[in-house]
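A short worksheet on the structure shown next.
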Amino acid sequence: MARIDVDPQKIAELVHQLEKDRAWLLEQIDNGRWPELRLDLAALERELGQLLDKTTKEIDEGKFF
């Protein structure tokens, strides 16, 4: 995979914001909001969690920098 020249601080800020958004989404789902979309939103929340976990791992391994 090609290396990407990025600002580490910006990546960290983006991951942090996405983690906050994921937590908010999970809270909304748990509170019964949008019941007709519950399954799709739960799947989205899981996928976002997997993406964030992978990204954090790759950052820790120095693959972005």
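Letters for chains follow the order of the structure tokens (A, B, ...), residue numbers begin at 1 for each chain, and ligand numbers begin at 1 in the order shown.
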
TODO: Determine, counting only C-alpha atoms, which protein, DNA and RNA residues have an atom within 10 Å of an atom of A:Gly49; residues of the same chain fewer than 5 positions away are not included. Present the result as a VMD selection string.
DONE: chain A and resid 18 to 19 22 to 23 43 to 44 54 to 55

Go ahead and save the picked residues with N, CA and C atoms, as an mmCIF file, in the first residue's frame.
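New file again.cif:
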data_model
loop_
_atom_site.group_PDB
_atom_site.id
_atom_site.type_symbol
_atom_site.label_atom_id
_atom_site.label_comp_id
_atom_site.auth_asym_id
_atom_site.auth_seq_id
_atom_site.Cartn_x
_atom_site.Cartn_y
_atom_site.Cartn_z
ATOM 1 N N LEU A 18 -14.617 11.263 14.919
ATOM 2 C CA LEU A 18 -15.411 10.115 14.479
ATOM 3 C C LEU A 18 -15.774 9.199 15.650
ATOM 4 N N GLU A 19 -14.884 9.069 16.621
ATOM 5 C CA GLU A 19 -15.201 8.289 17.817
ATOM 6 C C GLU A 19 -16.341 8.937 18.603
ATOM 7 N N ARG A 22 -19.513 8.309 16.667
ATOM 8 C CA ARG A 22 -19.934 6.913 16.846
ATOM 9 C C ARG A 22 -20.624 6.740 18.193
ATOM 10 N N ALA A 23 -20.060 7.324 19.239
ATOM 11 C CA ALA A 23 -20.663 7.223 20.571
ATOM 12 C C ALA A 23 -22.042 7.877 20.593
ATOM 13 N N ALA A 43 -25.546 -1.445 12.123
ATOM 14 C CA ALA A 43 -24.520 -1.962 11.219
ATOM 15 C C ALA A 43 -23.511 -0.864 10.880
ATOM 16 N N LEU A 44 -24.011 0.346 10.636
ATOM 17 C CA LEU A 44 -23.129 1.479 10.361
ATOM 18 C C LEU A 44 -22.216 1.750 11.549
ATOM 19 N N LYS A 54 -9.065 -0.140 13.027
ATOM 20 C CA LYS A 54 -8.015 -0.405 12.039
ATOM 21 C C LYS A 54 -7.135 0.822 11.839
ATOM 22 N N THR A 55 -7.753 1.976 11.733
ATOM 23 C CA THR A 55 -6.993 3.212 11.536
ATOM 24 C C THR A 55 -6.078 3.494 12.718
#

- [ ] Could you please determine the separation between atom CA of A:Leu25 and atom CA of A:Asp53 in Å, to one decimal place?
- [x]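 Atom-to-atom, atom CA of A:Leu25 to atom CA of A:Asp53, that is 16.7 Å.
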
TODO: Using only C-alpha atoms, determine which residues lie at most 10 Å from stretch 58-61 of chain A, disregarding the query and same-chain residues fewer than 6 positions distant; provide the list as number ranges by chain.
DONE: A: 8, 11-12, 52

Task: Nearest to A:Gln17, chosen from A:Leu41, A:Leu48, A:Lys57, A:Asn31, with only C-alpha atoms counted in the distances - done: A:Leu48

Open item on the list: Just list as number ranges by chain whatever in chain A DSSP marks as helix (DSSP H, G or I).
Closed with: A: 8-30, 35-60

Based on the selection just made, write C-alpha atoms of those residues as an mmCIF file, in the first residue's frame.
data_model
loop_
_atom_site.group_PDB
_atom_site.id
_atom_site.type_symbol
_atom_site.label_atom_id
_atom_site.label_comp_id
_atom_site.auth_asym_id
_atom_site.auth_seq_id
_atom_site.Cartn_x
_atom_site.Cartn_y
_atom_site.Cartn_z
ATOM 1 C CA PRO A 8 -0.514 13.279 12.128
ATOM 2 C CA GLN A 9 -2.370 15.817 14.251
ATOM 3 C CA LYS A 10 -5.162 16.132 11.676
ATOM 4 C CA ILE A 11 -5.546 12.356 11.474
ATOM 5 C CA ALA A 12 -5.725 12.124 15.273
ATOM 6 C CA GLU A 13 -8.324 14.904 15.398
ATOM 7 C CA LEU A 14 -10.416 13.217 12.710
ATOM 8 C CA VAL A 15 -10.313 9.860 14.500
ATOM 9 C CA HIS A 16 -11.278 11.544 17.763
ATOM 10 C CA GLN A 17 -14.246 13.317 16.149
ATOM 11 C CA LEU A 18 -15.411 10.115 14.479
ATOM 12 C CA GLU A 19 -15.201 8.289 17.817
ATOM 13 C CA LYS A 20 -17.404 10.985 19.353
ATOM 14 C CA ASP A 21 -19.854 10.693 16.464
ATOM 15 C CA ARG A 22 -19.934 6.913 16.846
ATOM 16 C CA ALA A 23 -20.663 7.223 20.571
ATOM 17 C CA TRP A 24 -23.461 9.705 19.866
ATOM 18 C CA LEU A 25 -24.972 7.408 17.243
ATOM 19 C CA LEU A 26 -24.848 4.436 19.607
ATOM 20 C CA GLU A 27 -26.511 6.493 22.333
ATOM 21 C CA GLN A 28 -29.298 7.502 19.956
ATOM 22 C CA ILE A 29 -29.853 3.901 18.885
ATOM 23 C CA ASP A 30 -29.910 2.726 22.515
ATOM 24 C CA PRO A 35 -36.596 2.539 15.274
ATOM 25 C CA GLU A 36 -37.258 1.891 11.592
ATOM 26 C CA LEU A 37 -33.539 2.385 10.872
ATOM 27 C CA ARG A 38 -32.194 0.602 13.953
ATOM 28 C CA LEU A 39 -30.637 -2.376 12.153
ATOM 29 C CA ASP A 40 -29.006 -0.261 9.446
ATOM 30 C CA LEU A 41 -27.703 2.280 11.946
ATOM 31 C CA ALA A 42 -26.351 -0.467 14.201
ATOM 32 C CA ALA A 43 -24.520 -1.962 11.219
ATOM 33 C CA LEU A 44 -23.129 1.479 10.361
ATOM 34 C CA GLU A 45 -21.977 1.953 13.953
ATOM 35 C CA ARG A 46 -20.189 -1.435 13.916
ATOM 36 C CA GLU A 47 -18.483 -0.695 10.598
ATOM 37 C CA LEU A 48 -17.379 2.713 11.803
ATOM 38 C CA GLY A 49 -15.951 1.082 14.926
ATOM 39 C CA GLN A 50 -14.010 -1.420 12.818
ATOM 40 C CA LEU A 51 -12.670 1.364 10.599
ATOM 41 C CA LEU A 52 -11.572 3.403 13.606
ATOM 42 C CA ASP A 53 -9.921 0.387 15.229
ATOM 43 C CA LYS A 54 -8.015 -0.405 12.039
ATOM 44 C CA THR A 55 -6.993 3.212 11.536
ATOM 45 C CA THR A 56 -5.804 3.550 15.128
ATOM 46 C CA LYS A 57 -3.785 0.335 14.798
ATOM 47 C CA GLU A 58 -2.171 1.526 11.571
ATOM 48 C CA ILE A 59 -1.346 4.884 13.142
ATOM 49 C CA ASP A 60 0.234 3.094 16.106
#
